[in-house]
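Below is one structure, written out as structure tokens, with a few remarks after it.
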Amino acid sequence: IAFAPLITEDPVSVLAIYNDTVEFNCTAIGHPTPVIEWYRLSVNNNITTLEDVNKYSIELPFFSMEETITDTTIKSSTLIIDPVEYNDFGYYICVAKLSSDAFVYVSDCCNSESGSSSGEVVELYYSISNISTLSVSPEGSVMIDPRVIDASFGDNVTFICSSLGGPYNQYQWTHLETDNIVSNEPELTVSSVSFNDG
């Protein structure tokens with residue numbers, strides 16, 4: 001008899017800066033001992049299995065018997081990103097699976113209020129954590145193109161601001177002399193340049 005895996009500790013969202021070290025923790029309970037896998041979901045919904053990515057380190061800090069539920073075990077795993085790079089931003093989940101790929105008789109003991117067990121034959125019974133977000137600050141990556149423009153009176157000029165990190169970086173253009181916010185878009189166009197725009 002196998003007990004369905006259940007995530008008991010979800011990874012927590014983190015705000016990081018470039019070159020930081022970030023850790024995500026995940027704990028699951030089940031029997032036989034659950035296998036914990038880590039996945040990254042990009043903003044474009046591309047899924048990466050992190051076991052296959054060399055820059056990620058996955059640790060299994062402890063393995064112990066759970067005394068309150070018969071024949072179940074706890075498995076803990078930590079995903080370490082060191083160092084954090086701008087393109088590491090995105091969404092991370094852990095998945096707890098039964099250790100065998102074969103068909104097993106699963107007892108849903110952990111969610112039963114009465115304590116009685118009812119089971120069914122399933123394949124690769126699993127539990128998925130909540131989504132945790134790694135936000136990477138764009139600090140140090142902001143670029144303005146072009147930085148300097150020689151314009152004549154009445155010209156139209158355009159500046160483009162770009163940045164790394166994320167997700168969903170926000171932009172704000174401010175006129176330094178007046179301290180007025182003139183745009184919240186990555187691209188700033190000044191139409192009919194006047195002497196006050198300098």
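We label chains A, B, ... in the order they appear in the structure tokens, count residues from 1 in each chain, and number ligands from 1 in the order shown.
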**Request:** Might you pull out every residue within 8 Å of range 5-16 of chain A, with only C-alpha atoms counted and same-chain residues fewer than 4 positions away left off, and present them as number ranges by chain?
**Result:** A: 20, 22, 24-31, 34, 84, 92-94, 96-98, 110, 125-137
Write a file of the just-selected residues containing C-alpha atoms, as an mmCIF file, in the first residue's frame.
```cif
data_model
loop_
_atom_site.group_PDB
_atom_site.id
_atom_site.type_symbol
_atom_site.label_atom_id
_atom_site.label_comp_id
_atom_site.auth_asym_id
_atom_site.auth_seq_id
_atom_site.Cartn_x
_atom_site.Cartn_y
_atom_site.Cartn_z
ATOM 1 C CA ASP A 20 22.621 36.889 -4.940
ATOM 2 C CA VAL A 22 18.570 32.171 -3.458
ATOM 3 C CA PHE A 24 13.656 27.511 -2.338
ATOM 4 C CA ASN A 25 12.526 24.849 0.153
ATOM 5 C CA CYS A 26 9.995 22.084 -0.397
ATOM 6 C CA THR A 27 8.835 19.303 1.932
ATOM 7 C CA ALA A 28 6.495 16.411 1.176
ATOM 8 C CA ILE A 29 5.068 13.428 3.040
ATOM 9 C CA GLY A 30 4.120 10.048 1.598
ATOM 10 C CA HIS A 31 4.947 6.368 1.277
ATOM 11 C CA PRO A 34 8.367 10.699 -2.351
ATOM 12 C CA VAL A 84 21.362 34.620 -9.436
ATOM 13 C CA TYR A 92 9.316 27.805 -9.655
ATOM 14 C CA ILE A 93 7.445 24.745 -8.387
ATOM 15 C CA CYS A 94 8.314 21.470 -6.751
ATOM 16 C CA ALA A 96 6.418 15.254 -5.133
ATOM 17 C CA LYS A 97 5.966 11.888 -6.841
ATOM 18 C CA LEU A 98 5.884 8.302 -5.715
ATOM 19 C CA CYS A 110 -3.383 11.866 4.875
ATOM 20 C CA TYR A 125 0.510 9.800 -8.176
ATOM 21 C CA TYR A 126 1.888 13.274 -7.426
ATOM 22 C CA SER A 127 1.420 16.523 -5.519
ATOM 23 C CA ILE A 128 2.308 19.978 -6.891
ATOM 24 C CA SER A 129 3.386 22.919 -4.747
ATOM 25 C CA ASN A 130 2.125 26.460 -4.972
ATOM 26 C CA ILE A 131 3.947 28.605 -7.528
ATOM 27 C CA SER A 132 6.784 30.702 -6.121
ATOM 28 C CA THR A 133 8.084 33.711 -8.025
ATOM 29 C CA LEU A 134 11.730 34.674 -8.309
ATOM 30 C CA SER A 135 11.821 38.396 -9.086
ATOM 31 C CA VAL A 136 15.236 39.708 -10.086
ATOM 32 C CA SER A 137 15.838 43.434 -9.691
#
```
Closest-contact table, range 121-167 of chain A side, partner range 174-194 of chain A, 10 Å, counting only C-alpha atoms, as CSV:
```
residue,atom,partner,partner_atom,distance
A:Ile144,CA,A:Pro186,CA,9.4
A:Asp145,CA,A:Glu187,CA,9.7
A:Ala151,CA,A:Val193,CA,7.5
A:Ser152,CA,A:Val193,CA,7.2
A:Phe153,CA,A:Val193,CA,5.4
A:Gly154,CA,A:Ser192,CA,4.0
A:Asp155,CA,A:Ser192,CA,5.0
A:Asn156,CA,A:Ser191,CA,4.5
A:Val157,CA,A:Val190,CA,5.3
A:Thr158,CA,A:Thr189,CA,4.3
A:Phe159,CA,A:Leu188,CA,5.2
A:Ile160,CA,A:Glu187,CA,4.5
A:Cys161,CA,A:Pro186,CA,5.1
A:Ser162,CA,A:Pro186,CA,6.7
A:Ser163,CA,A:Pro186,CA,9.3
```
Please save C-alpha atoms of the selected residues as a tab-separated table (two decimals), in the first residue's frame.
```tsv
chain	number	residue	atom	x	y	z
A	144	ILE	CA	19.02	54.13	-22.49
A	145	ASP	CA	19.50	54.29	-26.24
A	151	ALA	CA	18.37	67.97	-31.77
A	152	SER	CA	17.23	71.14	-33.48
A	153	PHE	CA	14.22	73.23	-32.50
A	154	GLY	CA	11.03	71.48	-33.64
A	155	ASP	CA	12.58	68.03	-34.08
A	156	ASN	CA	10.98	64.82	-32.78
A	157	VAL	CA	13.33	62.65	-30.72
A	158	THR	CA	12.89	59.18	-29.23
A	159	PHE	CA	14.68	57.46	-26.35
A	160	ILE	CA	14.32	53.75	-25.60
A	161	CYS	CA	14.91	52.31	-22.12
A	162	SER	CA	15.62	48.60	-21.68
A	163	SER	CA	16.42	46.43	-18.68
```
**Request:** Extract, using only C-alpha atoms, all DNA, RNA and protein residues at most 9 Å from Thr49 in chain A, discarding same-chain residues fewer than 4 positions from it, and format them as an MDAnalysis selection string.
**Result:** chainID A and resid 37:40 53
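With CA of Ile36 in chain A on one side and CA of Pro83 in chain A on the other, the separation reads 22.4 Å.
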